[in-house]
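K.L.:
Structure file model-v6.txt (compact mmCIF, C-alpha atoms and all ligand atoms) right here:
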# COMPACT_ATOMS: atom_id res chain seq x y z
CA MET A 1 -27.86 2.31 -1.99
CA ILE A 2 -24.87 0.43 -0.55
CA VAL A 3 -21.73 2.50 0.05
CA ASN A 4 -18.78 0.16 0.43
CA LEU A 5 -15.94 1.82 2.36
CA ILE A 6 -14.34 -1.37 3.69
CA SER A 7 -11.31 -0.87 1.44
CA ASP A 8 -10.14 0.68 -1.81
CA THR A 9 -9.68 -2.90 -3.05
CA VAL A 10 -13.45 -3.27 -3.62
CA THR A 11 -13.55 -1.31 -6.90
CA LYS A 12 -14.71 -3.03 -10.09
CA PRO A 13 -13.30 -2.35 -13.57
CA SER A 14 -15.01 0.53 -15.39
CA ALA A 15 -16.40 0.06 -18.92
CA ALA A 16 -13.28 1.71 -20.39
CA MET A 17 -10.98 -0.50 -18.33
CA LEU A 18 -12.89 -3.61 -19.42
CA GLU A 19 -12.57 -2.46 -23.02
CA ALA A 20 -8.80 -2.23 -22.59
CA MET A 21 -8.79 -5.73 -21.08
CA PHE A 22 -10.91 -7.25 -23.88
CA SER A 23 -8.69 -5.84 -26.57
CA ALA A 24 -5.38 -6.79 -24.92
CA GLU A 25 -2.76 -8.58 -26.96
CA VAL A 26 -1.58 -11.58 -24.94
CA GLY A 27 0.95 -14.41 -24.89
CA ASP A 28 2.61 -16.72 -22.37
CA ASP A 29 4.25 -14.48 -19.79
CA VAL A 30 6.31 -17.32 -18.24
CA PHE A 31 8.09 -17.38 -21.63
CA ARG A 32 8.05 -13.55 -21.53
CA GLN A 33 5.88 -13.54 -24.64
CA ASP A 34 2.98 -11.50 -23.30
CA PRO A 35 3.32 -8.10 -25.00
CA THR A 36 0.88 -6.39 -22.61
CA VAL A 37 2.67 -7.59 -19.48
CA ASN A 38 5.98 -6.57 -21.05
CA ARG A 39 4.52 -3.15 -21.81
CA LEU A 40 3.19 -2.71 -18.26
CA GLU A 41 6.55 -3.70 -16.76
CA ALA A 42 8.51 -1.39 -19.08
CA TYR A 43 6.07 1.48 -18.50
CA THR A 44 6.32 1.16 -14.72
CA ALA A 45 10.11 0.83 -14.65
CA GLU A 46 10.39 3.96 -16.82
CA LEU A 47 7.87 5.82 -14.65
CA PHE A 48 10.13 5.33 -11.61
CA GLY A 49 13.38 5.77 -13.54
CA LYS A 50 14.38 2.19 -12.71
CA GLU A 51 15.75 -0.56 -14.95
CA ALA A 52 13.06 -3.21 -14.59
CA ALA A 53 9.74 -4.25 -13.08
CA LEU A 54 7.88 -7.49 -12.41
CA TYR A 55 4.11 -7.97 -12.58
CA CYS A 56 2.75 -10.10 -9.72
CA PRO A 57 -0.69 -11.21 -8.50
CA SER A 58 -0.62 -9.23 -5.24
CA GLY A 59 1.17 -6.66 -3.11
CA THR A 60 1.81 -9.32 -0.51
CA MET A 61 3.74 -11.22 -3.14
CA THR A 62 5.77 -8.21 -4.35
CA ASN A 63 6.70 -7.30 -0.74
CA GLN A 64 7.60 -10.87 0.18
CA ILE A 65 9.65 -11.38 -2.99
CA ALA A 66 11.53 -8.17 -2.21
CA ILE A 67 12.26 -9.36 1.34
CA LYS A 68 13.43 -12.74 0.00
CA CYS A 69 15.73 -11.12 -2.56
CA HIS A 70 17.28 -8.62 -0.13
CA THR A 71 17.95 -11.03 2.76
CA GLN A 72 19.45 -14.34 3.90
CA PRO A 73 18.09 -16.49 6.77
CA LEU A 74 19.20 -15.04 10.16
CA ASP A 75 18.97 -11.51 8.77
CA GLN A 76 16.64 -8.92 10.26
CA ILE A 77 14.18 -6.44 8.78
CA ILE A 78 13.67 -3.05 10.44
CA CYS A 79 10.20 -1.52 10.04
CA ASP A 80 7.39 0.20 11.93
CA GLN A 81 5.29 -2.04 14.18
CA SER A 82 2.13 -1.20 12.21
CA SER A 83 3.59 -2.01 8.80
CA HIS A 84 1.69 -4.26 6.40
CA VAL A 85 4.68 -6.60 5.93
CA TYR A 86 4.50 -7.37 9.65
CA GLN A 87 0.76 -7.12 10.40
CA TYR A 88 -1.04 -8.43 7.36
CA GLU A 89 1.17 -10.75 5.36
CA THR A 90 0.60 -13.87 7.47
CA GLY A 91 4.06 -13.82 8.99
CA GLY A 92 5.58 -14.16 5.52
CA PRO A 93 9.08 -12.91 6.42
CA ALA A 94 9.54 -15.90 8.78
CA PHE A 95 7.89 -18.37 6.39
CA HIS A 96 9.53 -17.38 3.10
CA SER A 97 12.80 -15.83 4.17
CA GLY A 98 13.69 -17.09 7.68
CA VAL A 99 14.29 -13.55 8.90
CA SER A 100 13.31 -11.76 12.10
CA MET A 101 11.79 -8.32 12.40
CA LYS A 102 12.80 -5.39 14.57
CA LEU A 103 9.70 -3.31 15.14
CA LEU A 104 9.90 0.42 15.70
CA LYS A 105 7.31 2.62 17.37
CA GLY A 106 6.91 5.31 14.75
CA THR A 107 4.48 8.21 14.60
CA HIS A 108 1.32 7.22 12.71
CA GLY A 109 3.35 4.46 11.08
CA LYS A 110 6.26 6.69 10.09
CA ILE A 111 9.81 6.04 11.27
CA THR A 112 12.87 8.30 11.32
CA ALA A 113 16.52 7.81 10.40
CA SER A 114 17.58 8.16 14.06
CA GLN A 115 15.13 5.40 15.09
CA VAL A 116 16.56 3.18 12.36
CA GLU A 117 20.12 4.00 13.38
CA GLU A 118 19.40 3.02 16.98
CA ALA A 119 17.82 -0.24 15.81
CA ILE A 120 20.70 -1.49 13.66
CA GLU A 121 22.26 -4.43 15.49
CA ALA A 122 25.91 -4.56 16.49
CA ASP A 123 28.07 -7.25 14.89
CA TYR A 124 27.82 -10.06 17.47
CA ASP A 125 27.06 -13.64 16.54
CA TRP A 126 24.19 -13.76 19.04
CA LEU A 127 22.39 -10.99 17.18
CA PRO A 128 20.60 -11.11 13.82
CA VAL A 129 22.10 -9.12 10.97
CA SER A 130 20.15 -5.94 10.21
CA ARG A 131 19.86 -6.09 6.43
CA LEU A 132 16.74 -4.35 5.19
CA VAL A 133 14.57 -1.38 6.10
CA VAL A 134 10.96 -1.33 4.89
CA ILE A 135 8.88 1.82 4.89
CA GLU A 136 5.25 2.18 3.83
CA ASN A 137 3.77 5.17 1.98
CA THR A 138 1.00 5.88 2.63
CA CYS A 139 0.93 4.11 6.02
CA ASN A 140 -2.30 2.11 6.10
CA LYS A 141 -2.55 1.33 9.81
CA GLY A 142 -1.08 4.76 10.55
CA GLY A 143 -4.29 6.30 9.18
CA GLY A 144 -3.09 6.87 5.61
CA SER A 145 -0.24 9.13 6.72
CA ILE A 146 2.16 10.46 4.11
CA TYR A 147 5.96 10.50 4.07
CA ARG A 148 7.61 13.36 2.25
CA LEU A 149 10.89 12.75 0.49
CA PRO A 150 12.94 14.91 2.91
CA GLU A 151 11.86 12.50 5.69
CA VAL A 152 12.96 9.50 3.65
CA LEU A 153 16.30 10.68 2.27
CA PRO A 154 18.12 10.57 5.64
CA ILE A 155 16.97 6.93 5.96
CA ARG A 156 18.32 6.32 2.46
CA THR A 157 21.70 7.84 3.34
CA LEU A 158 21.90 5.84 6.57
CA CYS A 159 21.09 2.58 4.75
CA GLN A 160 23.79 3.29 2.17
CA GLU A 161 26.37 4.06 4.85
CA ARG A 162 25.53 0.95 6.86
CA GLY A 163 25.03 -1.49 3.96
CA LEU A 164 21.29 -2.03 4.40
CA ALA A 165 18.80 -2.25 1.54
CA LEU A 166 15.73 -0.01 1.51
CA HIS A 167 12.35 -1.24 0.24
CA LEU A 168 9.22 0.84 -0.21
CA ASP A 169 5.81 -0.74 0.30
CA GLY A 170 4.10 1.76 -1.96
CA ALA A 171 0.71 0.06 -2.11
CA ARG A 172 -0.86 3.53 -1.99
CA LEU A 173 2.14 5.61 -3.06
CA PHE A 174 0.14 7.50 -5.68
CA ASN A 175 -2.34 8.70 -3.04
CA ALA A 176 0.66 10.38 -1.42
CA LEU A 177 2.25 11.74 -4.60
CA VAL A 178 -0.92 13.53 -5.76
CA GLU A 179 -0.82 15.44 -2.46
CA THR A 180 2.90 16.22 -2.24
CA GLN A 181 3.51 16.69 -5.99
CA GLU A 182 6.76 14.77 -5.53
CA THR A 183 7.75 12.69 -8.55
CA THR A 184 7.86 8.95 -9.13
CA LYS A 185 11.43 9.36 -10.43
CA ALA A 186 12.59 11.02 -7.20
CA TRP A 187 10.98 8.21 -5.21
CA GLY A 188 12.46 5.61 -7.55
CA ALA A 189 15.94 7.01 -6.94
CA ALA A 190 15.53 6.80 -3.16
CA PHE A 191 14.90 3.03 -2.93
CA ASP A 192 16.48 -0.25 -3.92
CA SER A 193 13.05 -1.70 -4.59
CA ILE A 194 9.47 -0.47 -4.70
CA SER A 195 6.15 -2.30 -4.62
CA ILE A 196 3.01 -0.61 -5.96
CA CYS A 197 -0.56 -1.95 -6.00
CA LEU A 198 -2.81 -1.58 -9.03
CA SER A 199 -5.81 -3.06 -7.22
CA LYS A 200 -6.18 -0.39 -4.53
CA GLY A 201 -7.17 3.17 -5.39
CA LEU A 202 -6.02 2.79 -8.99
CA GLY A 203 -9.02 0.55 -9.60
CA ALA A 204 -7.58 -2.47 -11.41
CA PRO A 205 -9.12 -5.82 -10.43
CA VAL A 206 -5.79 -7.46 -9.60
CA GLY A 207 -2.05 -6.98 -9.69
CA SER A 208 1.02 -5.32 -8.19
CA LEU A 209 4.45 -4.44 -9.52
CA LEU A 210 7.88 -4.86 -8.02
CA ILE A 211 10.38 -2.34 -9.36
CA GLY A 212 14.19 -2.44 -9.14
CA ASP A 213 17.39 -2.92 -11.10
CA VAL A 214 17.87 -5.68 -13.67
CA ASP A 215 19.77 -8.12 -11.41
CA PHE A 216 17.25 -7.70 -8.61
CA ILE A 217 14.26 -8.27 -10.91
CA LYS A 218 15.95 -11.33 -12.48
CA LYS A 219 16.22 -12.88 -9.04
CA ALA A 220 12.68 -11.73 -8.21
CA ARG A 221 11.31 -13.49 -11.30
CA ARG A 222 12.70 -16.81 -10.05
CA VAL A 223 11.23 -16.25 -6.58
CA ARG A 224 7.86 -15.34 -8.13
CA LYS A 225 7.92 -18.68 -9.98
CA VAL A 226 8.66 -20.74 -6.87
CA MET A 227 5.80 -18.98 -5.09
CA GLY A 228 3.50 -20.06 -7.92
CA GLY A 229 3.13 -16.56 -9.26
CA GLY A 230 4.22 -17.18 -12.86
CA MET A 231 1.10 -16.45 -14.91
CA ARG A 232 0.39 -17.25 -18.55
CA GLN A 233 -1.92 -14.94 -20.59
CA ALA A 234 -1.71 -12.35 -17.84
CA GLY A 235 -1.97 -9.55 -20.40
CA TYR A 236 -5.74 -9.47 -19.91
CA ILE A 237 -5.31 -8.28 -16.34
CA ALA A 238 -2.09 -6.38 -17.02
CA ALA A 239 -4.10 -4.28 -19.52
CA ALA A 240 -6.29 -3.16 -16.63
CA GLY A 241 -3.18 -2.15 -14.70
CA LEU A 242 -1.77 -0.17 -17.61
CA TYR A 243 -5.12 1.56 -18.04
CA ALA A 244 -5.16 2.35 -14.32
CA LEU A 245 -1.67 3.88 -14.33
CA GLN A 246 -2.48 5.98 -17.39
CA ASN A 247 -5.94 7.17 -16.33
CA ASN A 248 -6.60 6.83 -12.62
CA VAL A 249 -3.66 8.48 -10.87
CA GLU A 250 -4.64 12.18 -10.90
CA ARG A 251 -8.18 11.47 -9.71
CA LEU A 252 -6.86 9.98 -6.44
CA SER A 253 -6.93 13.53 -5.07
CA ILE A 254 -10.75 13.28 -5.12
CA ASP A 255 -10.58 10.26 -2.78
CA ASN A 256 -8.14 12.09 -0.51
CA GLN A 257 -10.40 15.14 -0.47
CA ARG A 258 -13.46 13.04 0.43
CA ALA A 259 -11.58 11.37 3.26
CA ARG A 260 -10.65 14.81 4.63
CA GLN A 261 -14.29 15.87 4.39
CA ALA A 262 -15.47 12.75 6.28
CA GLY A 263 -12.69 13.25 8.83
CA ALA A 264 -13.78 16.85 9.45
CA VAL A 265 -17.39 15.76 10.00
CA LEU A 266 -16.30 13.01 12.40
CA GLN A 267 -14.25 15.56 14.41
CA GLN A 268 -17.54 17.30 15.26
CA GLN A 269 -19.36 14.22 16.53
CA SER A 270 -19.73 13.43 20.22
CA TYR A 271 -19.64 9.66 19.54
CA VAL A 272 -16.07 10.09 18.23
CA SER A 273 -13.19 10.49 20.69
CA ALA A 274 -10.36 10.99 18.19
CA VAL A 275 -9.68 11.06 14.46
CA ARG A 276 -6.15 10.31 13.18
CA PRO A 277 -4.88 13.18 11.03
CA VAL A 278 -6.39 12.56 7.59
CA GLN A 279 -3.73 12.90 4.90
CA SER A 280 -4.92 10.61 2.11
CA ASN A 281 -7.92 8.37 1.34
CA ILE A 282 -8.09 6.60 4.72
CA VAL A 283 -9.91 7.78 7.84
CA ILE A 284 -9.24 5.97 11.13
CA PHE A 285 -11.13 7.11 14.20
CA ASP A 286 -11.84 6.00 17.77
CA LEU A 287 -15.30 5.80 19.28
CA ALA A 288 -16.16 7.54 22.53
CA GLY A 289 -17.47 6.08 25.80
CA LYS A 290 -18.46 2.43 25.60
CA LEU A 291 -19.49 2.43 21.95
CA SER A 292 -17.90 -0.61 20.29
CA ALA A 293 -16.76 -0.74 16.69
CA ALA A 294 -19.00 -3.79 16.19
CA ASP A 295 -22.14 -1.94 17.35
CA PHE A 296 -21.25 1.19 15.40
CA LEU A 297 -20.60 -0.80 12.21
CA ALA A 298 -23.86 -2.74 12.61
CA THR A 299 -25.85 0.51 12.80
CA MET A 300 -23.95 1.91 9.83
CA GLU A 301 -24.65 -1.23 7.84
CA GLU A 302 -28.40 -0.91 8.50
CA GLN A 303 -28.10 2.43 6.73
CA GLY A 304 -26.15 1.01 3.82
CA ILE A 305 -22.64 2.11 4.80
CA LEU A 306 -19.99 -0.62 5.07
CA ALA A 307 -16.69 -0.07 6.90
CA VAL A 308 -14.24 -2.15 8.96
CA ALA A 309 -13.10 -2.33 12.59
CA PHE A 310 -9.42 -1.53 13.18
CA GLY A 311 -9.58 -2.29 16.90
CA PRO A 312 -12.29 -2.82 19.58
CA GLN A 313 -13.32 0.85 19.38
CA THR A 314 -11.54 1.86 16.19
CA VAL A 315 -13.05 2.13 12.71
CA ARG A 316 -11.52 2.63 9.25
CA LEU A 317 -13.24 4.23 6.26
CA THR A 318 -11.50 4.05 2.87
CA PHE A 319 -12.48 6.21 -0.09
CA HIS A 320 -12.06 5.08 -3.70
CA LEU A 321 -13.13 5.59 -7.30
CA ASP A 322 -16.39 3.65 -7.07
CA ILE A 323 -17.84 6.25 -4.66
CA SER A 324 -20.18 8.63 -6.48
CA SER A 325 -20.94 12.15 -5.24
CA GLU A 326 -24.42 10.92 -4.32
CA MET A 327 -22.86 8.17 -2.18
CA MET A 328 -20.56 10.73 -0.59
CA GLU A 329 -23.53 12.89 0.41
CA ARG A 330 -25.13 9.83 1.97
CA VAL A 331 -21.95 9.08 3.97
CA ILE A 332 -21.86 12.62 5.36
CA GLU A 333 -25.57 12.49 6.20
CA VAL A 334 -25.27 9.16 8.04
CA LEU A 335 -22.10 10.16 9.93
CA SER A 336 -23.70 13.48 10.96
CA ASN A 337 -26.91 11.84 12.20
CA TYR A 338 -25.49 8.72 13.81
CA GLU A 339 -26.26 9.93 17.33
CA THR A 340 -29.99 10.19 16.71
CA ALA A 341 -30.10 7.02 14.58
CA GLY A 342 -28.13 4.95 17.11
C1 LIG A 401 -3.01 -3.86 0.36
C2 LIG A 401 -1.64 -3.63 0.82
C3 LIG A 401 -0.59 -4.47 0.42
C4 LIG A 401 -0.75 -5.66 -0.47
O1 LIG A 401 -1.92 -6.34 -0.32
P1 LIG A 401 -2.49 -7.42 -1.34
O2 LIG A 401 -3.89 -7.52 -0.88
O3 LIG A 401 -1.69 -8.66 -1.13
O4 LIG A 401 -2.37 -6.92 -2.74
C5 LIG A 401 0.68 -4.17 0.88
N1 LIG A 401 0.90 -3.09 1.66
C6 LIG A 401 -0.08 -2.25 2.02
C7 LIG A 401 0.25 -1.04 2.84
C8 LIG A 401 -1.38 -2.50 1.64
O5 LIG A 401 -2.35 -1.67 2.01
Can the structure in the file be given as structure tokens, please?

P.N.:
Amino acid sequence: MIVNLISDTVTKPSAAMLEAMFSAEVGDDVFRQDPTVNRLEAYTAELFGKEAALYCPSGTMTNQIAIKCHTQPLDQIICDQSSHVYQYETGGPAFHSGVSMKLLKGTHGKITASQVEEAIEADYDWLPVSRLVVIENTCNKGGGSIYRLPEVLPIRTLCQERGLALHLDGARLFNALVETQETTKAWGAAFDSISICLSKGLGAPVGSLLIGDVDFIKKARRVRKVMGGGMRQAGYIAAAGLYALQNNVERLSIDNQRARQAGAVLQQQSYVSAVRPVQSNIVIFDLAGKLSAADFLATMEEQGILAVAFGPQTVRLTFHLDISSEMMERVIEVLSNYETAG
């Protein structure tokens, strides 16, 4: 038995999802004639109480399109130093948009309104123009930490007062919302644009959505095209996304619960020096003494558990819908007995 915890992107379409894909009605989406893509975009916009949405191949693309649409060259983005747009999108903000980034030292990836306020540049021609704030919920590199709306609204107010746009990298937003019971509409109202991933915990094979008002999405559609992201009979994969949004949201609490369970077991182990607070489906922990992530992962792999290094002595486990309860038992058993096995 192989238990793949390297990411929640590793899931494969279920039989029911494949069925939805096979029976999708399709057309040429560049001509806006794909009824399934149109349905997915309308459904998502409505879900967040926004005017429009745009289906894209990846969350990197939706984030980078948002940055491009909100900024001009010489502008600056304010975000946490661990954010995906900075760490894992190949330096896209410089490449696509010619903007710089002001990195904040948040707490487990989360930033506050007062940190943002301090970071906004004064109006001198030797300084970049602070134009956009990006926050991430849940925060991946922060250990899956969750923002609650009352933490975000002061940032929203500040951005409005100071003329900055606010973008949400909501790759795993639904993992947060099933915990907080906050609504998509309330989150929609708090941001100028939102990116969500269908290919993470929601279990679709591919796809992300960018959500915003009509003018913003019109501009975003042109940027998607120049990036090569205009797809033709995309309804086949959009059908998987629609299925995911309609069937796989509530069950994310199972993944969150399993992560908490694994986190609690790791807390008890002498080979672990620290576990980041587990709030959603991600567990990030540090190894004790001289134990390297590489050695730990190699031993885990021998026992059929796959995970990733998040630093020389740091490991990430990610729980998702392709983990059965049998697999979960195996994970707990291996984590509990690592000392004797290693
Ligand atoms: C996965 C992820 C993305 C987008 O990644 P893609 O692999 O390009 O779809 C963006 N932000 C966060 C926080 C992510 O975890």

K.L.:
Could you tell me how far atom CA of A:Pro150 sits from atom CA of A:Thr71, in Å to one decimal place?

P.N.:
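Taking atom CA of A:Thr71 and atom CA of A:Pro150, their separation equals 26.4 Å.
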
K.L.:
What lies within 9 Å of A:Ile111 using all atoms listed in the file, ignoring chain neighbours under 2 positions off, as an MDAnalysis selection string?

P.N.:
chainID A and resid 79:80 104:109 113:116 135 151:152 155

K.L.:
Give the residues close to ligand LIG 401 (chain A), within 6 Å, counting only C-alpha atoms and all ligand atoms; write them as an mmCIF file with C-alpha atoms, keeping the file's coordinate frame.

P.N.:
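File written: pocket34.cif
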data_model
loop_
_atom_site.group_PDB
_atom_site.id
_atom_site.type_symbol
_atom_site.label_atom_id
_atom_site.label_comp_id
_atom_site.auth_asym_id
_atom_site.auth_seq_id
_atom_site.Cartn_x
_atom_site.Cartn_y
_atom_site.Cartn_z
ATOM 1 C CA SER A 58 -0.620 -9.230 -5.240
ATOM 2 C CA GLY A 59 1.170 -6.660 -3.110
ATOM 3 C CA THR A 60 1.810 -9.320 -0.510
ATOM 4 C CA HIS A 84 1.690 -4.260 6.400
ATOM 5 C CA ASN A 140 -2.300 2.110 6.100
ATOM 6 C CA ASP A 169 5.810 -0.740 0.300
ATOM 7 C CA ALA A 171 0.710 0.060 -2.110
#

K.L.:
Which residues of stretch 123-242 of chain A come within 10 Å of stretch 45-55 of chain A, and for each one, what is the closest pair of atoms and their distance in Å to one decimal, counting all atoms listed in the file, sorted by chain and residue number, as a tab-separated table?

P.N.:
residue	atom	partner	partner_atom	distance
A:Thr183	CA	A:Phe48	CA	8.3
A:Thr184	CA	A:Phe48	CA	4.9
A:Lys185	CA	A:Phe48	CA	4.4
A:Ala186	CA	A:Phe48	CA	7.6
A:Trp187	CA	A:Phe48	CA	7.1
A:Gly188	CA	A:Phe48	CA	4.7
A:Ala189	CA	A:Gly49	CA	7.2
A:Phe191	CA	A:Lys50	CA	9.8
A:Asp192	CA	A:Lys50	CA	9.4
A:Ser193	CA	A:Lys50	CA	9.1
A:Ile194	CA	A:Phe48	CA	9.0
A:Ser195	CA	A:Ala53	CA	9.4
A:Ile196	CA	A:Tyr55	CA	10.0
A:Gly207	CA	A:Tyr55	CA	6.9
A:Ser208	CA	A:Tyr55	CA	6.0
A:Leu209	CA	A:Tyr55	CA	4.7
A:Leu210	CA	A:Leu54	CA	5.1
A:Ile211	CA	A:Ala53	CA	4.2
A:Gly212	CA	A:Ala52	CA	5.6
A:Asp213	CA	A:Glu51	CA	4.8
A:Val214	CA	A:Ala52	CA	5.5
A:Asp215	CA	A:Ala52	CA	8.9
A:Phe216	CA	A:Ala52	CA	8.6
A:Ile217	CA	A:Ala52	CA	6.4
A:Lys218	CA	A:Ala52	CA	8.9
A:Ala220	CA	A:Leu54	CA	7.7
A:Arg221	CA	A:Leu54	CA	7.0
A:Arg224	CA	A:Leu54	CA	8.9
A:Gly229	CA	A:Tyr55	CA	9.3
A:Gly230	CA	A:Tyr55	CA	9.2
A:Met231	CA	A:Tyr55	CA	9.3
A:Ala234	CA	A:Tyr55	CA	9.0
A:Ala238	CA	A:Tyr55	CA	7.8
A:Gly241	CA	A:Tyr55	CA	9.6

K.L.:
Could those selected residues go to a file with C-alpha atoms, as an mmCIF file, keeping the file's coordinate frame?

P.N.:
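out_39.cif, written as the output of this step:
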data_model
loop_
_atom_site.group_PDB
_atom_site.id
_atom_site.type_symbol
_atom_site.label_atom_id
_atom_site.label_comp_id
_atom_site.auth_asym_id
_atom_site.auth_seq_id
_atom_site.Cartn_x
_atom_site.Cartn_y
_atom_site.Cartn_z
ATOM 1 C CA THR A 183 7.750 12.690 -8.550
ATOM 2 C CA THR A 184 7.860 8.950 -9.130
ATOM 3 C CA LYS A 185 11.430 9.360 -10.430
ATOM 4 C CA ALA A 186 12.590 11.020 -7.200
ATOM 5 C CA TRP A 187 10.980 8.210 -5.210
ATOM 6 C CA GLY A 188 12.460 5.610 -7.550
ATOM 7 C CA ALA A 189 15.940 7.010 -6.940
ATOM 8 C CA PHE A 191 14.900 3.030 -2.930
ATOM 9 C CA ASP A 192 16.480 -0.250 -3.920
ATOM 10 C CA SER A 193 13.050 -1.700 -4.590
ATOM 11 C CA ILE A 194 9.470 -0.470 -4.700
ATOM 12 C CA SER A 195 6.150 -2.300 -4.620
ATOM 13 C CA ILE A 196 3.010 -0.610 -5.960
ATOM 14 C CA GLY A 207 -2.050 -6.980 -9.690
ATOM 15 C CA SER A 208 1.020 -5.320 -8.190
ATOM 16 C CA LEU A 209 4.450 -4.440 -9.520
ATOM 17 C CA LEU A 210 7.880 -4.860 -8.020
ATOM 18 C CA ILE A 211 10.380 -2.340 -9.360
ATOM 19 C CA GLY A 212 14.190 -2.440 -9.140
ATOM 20 C CA ASP A 213 17.390 -2.920 -11.100
ATOM 21 C CA VAL A 214 17.870 -5.680 -13.670
ATOM 22 C CA ASP A 215 19.770 -8.120 -11.410
ATOM 23 C CA PHE A 216 17.250 -7.700 -8.610
ATOM 24 C CA ILE A 217 14.260 -8.270 -10.910
ATOM 25 C CA LYS A 218 15.950 -11.330 -12.480
ATOM 26 C CA ALA A 220 12.680 -11.730 -8.210
ATOM 27 C CA ARG A 221 11.310 -13.490 -11.300
ATOM 28 C CA ARG A 224 7.860 -15.340 -8.130
ATOM 29 C CA GLY A 229 3.130 -16.560 -9.260
ATOM 30 C CA GLY A 230 4.220 -17.180 -12.860
ATOM 31 C CA MET A 231 1.100 -16.450 -14.910
ATOM 32 C CA ALA A 234 -1.710 -12.350 -17.840
ATOM 33 C CA ALA A 238 -2.090 -6.380 -17.020
ATOM 34 C CA GLY A 241 -3.180 -2.150 -14.700
#

K.L.:
Would you compute the distance between atom CA of A:Glu329 and atom CA of A:Thr9? Give it in Å to one decimal.

P.N.:
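Computing the Euclidean distance for atom CA of A:Glu329 and atom CA of A:Thr9 yields 21.3 Å.
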
K.L.:
Could you name the residues that touch stretch 120-129 of chain A at 10 Å or less, counting all atoms listed in the file, but leaving out those on the same chain fewer than 5 positions away, as a ChimeraX atom specification?

P.N.:
/A:71-78,99-102,115,159,162,164

K.L.:
Which residue is closest to A:Phe310? Choose from A:Val134, A:Ile6, A:Ala176, A:Val334 and count only C-alpha atoms.

P.N.:
A:Ile6

K.L.:
Between atom CA of A:Ala204 and atom CA of A:Tyr243, measure the distance and give it in Å to one decimal.

P.N.:
8.1 Å

K.L.:
So, with all atoms listed in the file as the atoms that count, which of A:Ala24, A:Ala16, A:Met327, A:Ile282 lies closest to A:Gln233?

P.N.:
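Checking each candidate against A:Gln233, we get A:Ala24 as the closest.
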
K.L.:
Can you tell me, as a ChimeraX atom specification, what residues are no more than 8 Å from stretch 32-36 of chain A when counting all atoms listed in the file, ignoring any on the same chain fewer than 2 positions away?

P.N.:
/A:24-30,38-40,232-236,238-239

K.L.:
So, counting only C-alpha atoms, which residue among A:Lys68, A:Arg156, A:Arg148, A:Arg258 is closest to A:Glu182?

P.N.:
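Ranking A:Lys68, A:Arg156, A:Arg148, A:Arg258 by distance to A:Glu182, first place goes to A:Arg148.
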
K.L.:
From the options A:Leu132, A:Leu335, A:Met1, A:Met227, which residue's atoms come nearest to A:Ala264, counting all atoms listed in the file?

P.N.:
A:Leu335

K.L.:
Mind checking which residues fall within 6 Å of A:Gly170, counting all atoms listed in the file, ignoring those fewer than 2 positions away in the same chain, and posting them as a PDB file with C-alpha atoms, keeping the file's coordinate frame?

P.N.:
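Below you can see result01.pdb, which holds the result:
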ATOM      1  CA  GLU A 136       5.250   2.180   3.830  1.00  0.00           C
ATOM      2  CA  ASN A 137       3.770   5.170   1.980  1.00  0.00           C
ATOM      3  CA  LEU A 168       9.220   0.840  -0.210  1.00  0.00           C
ATOM      4  CA  ARG A 172      -0.860   3.530  -1.990  1.00  0.00           C
ATOM      5  CA  LEU A 173       2.140   5.610  -3.060  1.00  0.00           C
ATOM      6  CA  SER A 195       6.150  -2.300  -4.620  1.00  0.00           C
ATOM      7  CA  ILE A 196       3.010  -0.610  -5.960  1.00  0.00           C
TER       8      ILE A 196
END

K.L.:
Determine, counting all atoms listed in the file, every residue of protein, DNA or RNA that lies within 9 Å of (0.4, 12.8, 1.3) in the file coordinates, then give the result as a list of chain:residue names.

P.N.:
A:Asn137, A:Thr138, A:Gly144, A:Ser145, A:Ile146, A:Tyr147, A:Arg148, A:Leu173, A:Phe174, A:Asn175, A:Ala176, A:Leu177, A:Val178, A:Glu179, A:Thr180, A:Gln181, A:Asn256, A:Gln279, A:Ser280
